[in-house]
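run14.cif follows; it contains mmCIF, C-alpha atoms.
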```cif
data_query
loop_
_atom_site.group_PDB
_atom_site.id
_atom_site.type_symbol
_atom_site.label_atom_id
_atom_site.label_comp_id
_atom_site.auth_asym_id
_atom_site.auth_seq_id
_atom_site.Cartn_x
_atom_site.Cartn_y
_atom_site.Cartn_z
ATOM 1 C CA MET A 194 -39.393 -39.078 -27.453
ATOM 2 C CA ALA A 195 -35.904 -37.600 -27.887
ATOM 3 C CA THR A 196 -32.792 -39.681 -28.237
ATOM 4 C CA GLN A 197 -29.623 -38.430 -26.618
ATOM 5 C CA LYS A 198 -26.520 -38.718 -28.702
ATOM 6 C CA PRO A 199 -23.245 -39.230 -26.753
ATOM 7 C CA SER A 200 -20.846 -36.276 -26.789
ATOM 8 C CA ASN A 201 -17.299 -36.489 -28.063
ATOM 9 C CA GLU A 202 -15.746 -34.955 -24.964
ATOM 10 C CA ASP A 203 -13.427 -36.958 -22.751
ATOM 11 C CA LEU A 204 -12.468 -35.077 -19.585
ATOM 12 C CA SER A 205 -10.844 -38.021 -17.857
ATOM 13 C CA GLN A 206 -7.441 -37.286 -19.442
ATOM 14 C CA GLN A 207 -7.345 -33.632 -18.317
ATOM 15 C CA PHE A 208 -7.032 -34.493 -14.631
ATOM 16 C CA SER A 209 -4.787 -37.528 -14.855
ATOM 17 C CA ALA A 210 -1.963 -35.445 -13.328
ATOM 18 C CA PRO A 211 -2.684 -33.883 -9.912
ATOM 19 C CA PHE A 212 -3.421 -30.155 -9.835
ATOM 20 C CA ASN A 213 -0.206 -28.471 -8.755
ATOM 21 C CA THR A 214 -1.213 -25.569 -6.522
ATOM 22 C CA ALA A 215 2.410 -24.665 -5.719
ATOM 23 C CA ASP A 216 3.120 -23.993 -9.404
ATOM 24 C CA MET A 217 -0.092 -21.980 -9.733
ATOM 25 C CA GLU A 218 0.764 -19.910 -6.654
ATOM 26 C CA THR A 219 4.277 -19.262 -8.014
ATOM 27 C CA LEU A 220 2.790 -18.180 -11.342
ATOM 28 C CA TYR A 221 0.257 -15.885 -9.614
ATOM 29 C CA GLU A 222 2.862 -14.276 -7.337
ATOM 30 C CA SER A 223 5.295 -13.855 -10.222
ATOM 31 C CA ALA A 224 2.617 -12.037 -12.247
ATOM 32 C CA MET A 225 1.635 -9.802 -9.289
ATOM 33 C CA ASP A 226 5.261 -8.995 -8.395
ATOM 34 C CA SER A 227 5.994 -8.123 -12.042
ATOM 35 C CA MET A 228 2.913 -5.894 -12.184
ATOM 36 C CA LEU A 229 4.022 -4.027 -9.053
ATOM 37 C CA ALA A 230 7.614 -3.711 -10.286
ATOM 38 C CA LEU A 231 6.677 -2.526 -13.785
ATOM 39 C CA MET A 232 3.533 -0.469 -13.172
ATOM 40 C CA GLY A 233 3.726 0.318 -9.464
ATOM 41 C CA ARG A 234 4.145 3.817 -8.118
ATOM 42 C CA THR A 235 5.767 4.990 -4.915
ATOM 43 C CA VAL A 236 3.298 5.654 -2.121
ATOM 44 C CA THR A 237 4.435 7.407 1.062
ATOM 45 C CA VAL A 238 2.823 6.169 4.269
ATOM 46 C CA TRP A 239 3.049 8.758 7.068
ATOM 47 C CA LEU A 240 3.108 7.353 10.600
ATOM 48 C CA GLU A 241 2.898 8.965 14.046
ATOM 49 C CA PRO A 242 5.914 11.214 14.656
ATOM 50 C CA GLY A 243 8.738 9.835 16.779
ATOM 51 C CA GLN A 244 11.023 11.615 19.236
ATOM 52 C CA THR A 245 14.803 11.875 19.320
ATOM 53 C CA LEU A 246 17.115 13.889 21.531
ATOM 54 C CA GLY A 247 17.526 17.384 20.190
ATOM 55 C CA THR A 248 21.239 17.637 20.967
ATOM 56 C CA SER A 249 22.237 14.480 19.079
ATOM 57 C CA ASN A 250 20.440 15.206 15.817
ATOM 58 C CA PRO A 251 23.077 15.789 13.082
ATOM 59 C CA ASP A 252 20.433 17.320 10.802
ATOM 60 C CA GLN A 253 20.276 20.331 13.106
ATOM 61 C CA HIS A 254 23.661 21.619 11.925
ATOM 62 C CA ASN A 255 23.248 24.744 9.803
ATOM 63 C CA PRO A 256 26.510 25.709 8.048
ATOM 64 C CA TRP A 257 25.231 29.232 7.299
ATOM 65 C CA LEU A 258 24.766 29.948 11.000
ATOM 66 C CA GLY A 259 27.983 28.170 11.957
ATOM 67 C CA GLY A 260 26.268 25.835 14.415
ATOM 68 C CA THR A 261 23.026 24.105 15.260
ATOM 69 C CA ASP A 262 19.647 25.373 14.186
ATOM 70 C CA ARG A 263 16.648 24.009 16.058
ATOM 71 C CA ARG A 264 14.425 24.783 13.068
ATOM 72 C CA LEU A 265 16.029 21.883 11.211
ATOM 73 C CA GLY A 266 15.252 18.215 11.788
ATOM 74 C CA GLY A 267 11.838 18.571 13.406
ATOM 75 C CA THR A 268 10.157 20.600 16.117
ATOM 76 C CA ASP A 269 11.994 21.159 19.395
ATOM 77 C CA GLN A 270 9.727 20.223 22.293
ATOM 78 C CA GLY A 271 11.508 22.197 24.969
ATOM 79 C CA GLY A 272 14.567 24.284 25.626
ATOM 80 C CA GLY A 273 18.161 23.174 25.816
ATOM 81 C CA GLY A 274 18.563 19.486 25.060
ATOM 82 C CA GLY A 275 14.883 18.610 24.743
ATOM 83 C CA SER A 276 13.433 16.048 22.397
ATOM 84 C CA VAL A 277 12.808 16.641 18.716
ATOM 85 C CA VAL A 278 9.598 15.391 17.118
ATOM 86 C CA GLU A 279 10.341 14.053 13.643
ATOM 87 C CA PRO A 280 7.902 12.714 11.079
ATOM 88 C CA ILE A 281 8.252 9.024 10.245
ATOM 89 C CA PHE A 282 7.379 7.707 6.816
ATOM 90 C CA VAL A 283 7.724 4.514 4.801
ATOM 91 C CA ASN A 284 7.691 4.243 1.001
ATOM 92 C CA TYR A 285 5.938 1.302 -0.645
ATOM 93 C CA THR A 286 5.453 0.370 -4.272
ATOM 94 C CA ALA A 287 1.745 0.104 -5.033
ATOM 95 C CA HIS A 288 -0.654 -0.460 -7.873
ATOM 96 C CA VAL A 289 -2.816 2.675 -7.739
ATOM 97 C CA VAL A 290 -6.394 3.090 -8.982
ATOM 98 C CA HIS A 291 -8.022 6.524 -8.666
ATOM 99 C CA GLY A 292 -11.792 6.965 -8.320
ATOM 100 C CA PRO A 293 -14.437 7.325 -9.473
ATOM 101 C CA SER A 294 -14.907 3.713 -10.477
ATOM 102 C CA PRO A 295 -18.199 1.896 -9.940
ATOM 103 C CA ILE A 296 -18.347 -1.808 -9.131
ATOM 104 C CA ALA A 297 -19.865 -2.257 -12.594
ATOM 105 C CA ASP A 298 -16.376 -1.645 -14.042
ATOM 106 C CA GLY A 299 -15.360 -5.059 -12.701
ATOM 107 C CA ARG A 300 -13.628 -3.751 -9.575
ATOM 108 C CA PRO A 301 -14.202 -5.427 -6.207
ATOM 109 C CA PHE A 302 -14.904 -2.060 -4.547
ATOM 110 C CA GLU A 303 -16.679 1.068 -5.686
ATOM 111 C CA LEU A 304 -14.418 4.112 -5.683
ATOM 112 C CA ALA A 305 -15.966 7.551 -5.264
ATOM 113 C CA GLU A 306 -14.464 10.799 -6.527
ATOM 114 C CA GLY A 307 -11.395 11.509 -4.375
ATOM 115 C CA ASP A 308 -10.816 7.859 -3.425
ATOM 116 C CA VAL A 309 -7.713 5.835 -4.194
ATOM 117 C CA GLN A 310 -7.276 2.055 -4.105
ATOM 118 C CA LEU A 311 -3.810 0.705 -3.328
ATOM 119 C CA THR A 312 -2.494 -2.815 -3.815
ATOM 120 C CA THR A 313 0.722 -3.371 -1.861
ATOM 121 C CA VAL A 314 2.677 -6.303 -0.456
ATOM 122 C CA MET A 315 1.385 -7.955 2.702
ATOM 123 C CA GLY A 316 4.412 -6.601 4.595
ATOM 124 C CA SER A 317 2.757 -3.167 4.512
ATOM 125 C CA LEU A 318 -0.179 -4.323 6.684
ATOM 126 C CA GLN A 319 1.054 -2.899 10.007
ATOM 127 C CA ASP A 320 2.100 0.419 8.449
ATOM 128 C CA MET A 321 -1.240 0.756 6.633
ATOM 129 C CA ASN A 322 -3.026 0.119 9.942
ATOM 130 C CA ASP A 323 -0.850 2.668 11.779
ATOM 131 C CA ALA A 324 -0.887 5.325 9.033
ATOM 132 C CA ILE A 325 -2.160 8.786 9.862
ATOM 133 C CA GLU A 326 -2.148 9.650 6.156
ATOM 134 C CA ILE A 327 -0.765 8.458 2.844
ATOM 135 C CA GLU A 328 0.569 10.425 -0.098
ATOM 136 C CA VAL A 329 0.121 9.415 -3.743
ATOM 137 C CA ASP A 330 1.598 11.660 -6.453
ATOM 138 C CA GLY A 331 1.686 14.610 -4.041
ATOM 139 C CA VAL A 332 -1.974 14.210 -2.991
ATOM 140 C CA LYS A 333 -2.696 13.304 0.632
ATOM 141 C CA TYR A 334 -5.348 10.838 1.788
ATOM 142 C CA ASP A 335 -6.155 10.552 5.465
ATOM 143 C CA SER A 336 -9.008 8.177 6.090
ATOM 144 C CA LYS A 337 -9.142 4.513 5.287
ATOM 145 C CA LYS A 338 -12.526 3.837 3.739
ATOM 146 C CA THR A 339 -12.785 0.057 4.102
ATOM 147 C CA ASP A 340 -11.113 -2.704 6.033
ATOM 148 C CA ASN A 341 -7.964 -4.127 4.513
ATOM 149 C CA ARG A 342 -8.542 -6.864 1.988
ATOM 150 C CA GLN A 343 -5.858 -9.531 1.866
ATOM 151 C CA ILE A 344 -5.428 -11.265 -1.473
ATOM 152 C CA GLY A 345 -3.348 -14.123 -2.801
ATOM 153 C CA PHE A 346 -3.666 -17.435 -4.606
ATOM 154 C CA GLN A 347 -3.416 -19.811 -1.663
ATOM 155 C CA THR A 348 -1.853 -17.657 1.057
ATOM 156 C CA PRO A 349 -2.323 -13.882 1.290
ATOM 157 C CA LYS A 350 0.696 -12.005 -0.065
ATOM 158 C CA TYR A 351 -0.900 -8.714 -1.139
ATOM 159 C CA LEU A 352 -3.102 -6.105 0.501
ATOM 160 C CA ILE A 353 -5.806 -3.823 -0.885
ATOM 161 C CA THR A 354 -6.667 -0.618 0.966
ATOM 162 C CA ILE A 355 -8.949 2.226 -0.056
ATOM 163 C CA TRP A 356 -8.381 5.779 1.136
ATOM 164 C CA SER A 357 -10.346 9.045 0.880
ATOM 165 C CA ARG A 358 -8.702 12.347 -0.052
ATOM 166 C CA LYS A 359 -7.715 14.622 2.794
ATOM 167 C CA ALA A 360 -9.968 17.661 3.165
ATOM 168 C CA GLN A 361 -8.269 20.863 2.098
ATOM 169 C CA ALA A 362 -7.799 23.283 4.984
#
```

Starting from the file, lay out its structure as structure tokens.
Amino acid sequence: MATQKPSNEDLSQQFSAPFNTADMETLYESAMDSMLALMGRTVTVWLEPGQTLGTSNPDQHNPWLGGTDRRLGGTDQGGGGGSVVEPIFVNYTAHVVHGPSPIADGRPFELAEGDVQLTTVMGSLQDMNDAIEIEVDGVKYDSKKTDNRQIGFQTPKYLITIWSRKAQA
């Protein structure tokens, strides 16, 4: 018969103070914000074009022609004082991971060749949902591959999205 010897560990002192989740969340968010600020890259999120009145667009002034030039500031959708369709974009700072990257590399998602994984702030959620394409380092991606994944320590503050490269026309 075996005799069990008592161990020398005493875990009762480690949890005498309550676990402070607010401090842990502050530490987590500080580390994530620093990572985005130091290593993040600018990602352009292209949204559906918006319309403005063609006659009130100051960008249509062409000094070489001495007046307005409808070729500037968007596409004129009619004659005279029609509306001008202008692209709308938003720039976000993101942590960028390019594929390929299998799950075996320790990533939560597998990235195929031509995929990109972005980690942005939670405030980008609506724009990521409304995006018609995104641009990373001059390369365009136009289809979101997975649902958004919200991440954070206790409350979600960051967003992971995965996009596939736009097919070349």

Can you work out which one of A:Gln197, A:Gln343, A:Thr348, A:Thr286 has the shortest atom-to-atom distance to A:Leu229, counting all atoms listed in the file?
A:Thr286

Taking into account all atoms listed in the file, which residue in the set A:Leu318, A:Ala230, A:Leu240, A:Leu352 is nearest to A:Asp335?
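Residue with the minimum atom-to-atom distance to A:Asp335: A:Leu240.
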
What is the atom CA of A:Phe282-atom CA of A:Thr237 distance in Å, reported with one decimal?
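Going from atom CA of A:Phe282 over to atom CA of A:Thr237, I get 6.5 Å.
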
For a quick check of understanding, using only C-alpha atoms, which of A:Gly316, A:Glu306, A:Ser223, A:Thr235 has the smallest distance to A:Glu328?
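Checking each of A:Gly316, A:Glu306, A:Ser223, A:Thr235 against A:Glu328, counting only C-alpha atoms, the winner is A:Thr235.
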
In terms of the shortest atom-to-atom distance over only C-alpha atoms, which of A:Gly345, A:Pro199, A:Pro242, A:Gly331 is closest to A:Thr312?
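Of the candidates, the smallest distance to A:Thr312 is held by A:Gly345.
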
Assuming the chain letters and numbering stay as they are in my file, what does the PyMOL selection byres ((chain A and resi 285) around 8) actually select? List them as a list in words.
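Given this file, the PyMOL selection byres ((chain A and resi 285) around 8) evaluates to Thr235, Val236, Thr237, Val238, Val283, Asn284, Thr286, Ala287, Thr313 and Ser317 of chain A.
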
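Separating atom CA of A:Asp320 from atom CA of A:Ile296 is a distance of 27.1 Å.
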
Please provide the set of residues having any atom within 7 Å of A:Gly307, restricted to all atoms listed in the file, with same-chain residues fewer than 5 positions apart removed, written as number ranges by chain.
A: 292, 357-358

Could you work out how far atom CA of A:Asn322 lies from atom CA of A:Leu220, giving the answer in Å with one decimal?
28.7 Å

Identify which of the residues A:Thr196, A:Gln319, A:Asn213, A:Asn201 lies closest to A:Gln347, counting all atoms listed in the file when measuring atom-to-atom distances.
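Going through A:Thr196, A:Gln319, A:Asn213, A:Asn201 one by one, the smallest distance to A:Gln347 is for A:Asn213.
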
Selection dump of the PyMOL selection byres ((chain A and resi 304) around 8), as a PDB file with C-alpha atoms, in the coordinates of the input:
```
ATOM      1  CA  HIS A 291      -8.022   6.524  -8.666  1.00  0.00           C
ATOM      2  CA  GLY A 292     -11.792   6.965  -8.320  1.00  0.00           C
ATOM      3  CA  PRO A 293     -14.437   7.325  -9.473  1.00  0.00           C
ATOM      4  CA  SER A 294     -14.907   3.713 -10.477  1.00  0.00           C
ATOM      5  CA  PRO A 295     -18.199   1.896  -9.940  1.00  0.00           C
ATOM      6  CA  ILE A 296     -18.347  -1.808  -9.131  1.00  0.00           C
ATOM      7  CA  PHE A 302     -14.904  -2.060  -4.547  1.00  0.00           C
ATOM      8  CA  GLU A 303     -16.679   1.068  -5.686  1.00  0.00           C
ATOM      9  CA  ALA A 305     -15.966   7.551  -5.264  1.00  0.00           C
ATOM     10  CA  GLU A 306     -14.464  10.799  -6.527  1.00  0.00           C
ATOM     11  CA  ASP A 308     -10.816   7.859  -3.425  1.00  0.00           C
ATOM     12  CA  VAL A 309      -7.713   5.835  -4.194  1.00  0.00           C
ATOM     13  CA  GLN A 310      -7.276   2.055  -4.105  1.00  0.00           C
TER      14      GLN A 310
END
```

Once you add 8 Å to each side, what are the centre and edge lengths of the axis-aligned box holding all listed atoms of stretch 329-340 of chain A? One decimal in Å, as AutoDock Vina command-line options, if you can.
```
--center_x -5.5 --center_y 6.0 --center_z -0.2 --size_x 30.5 --size_y 33.3 --size_z 28.5
```
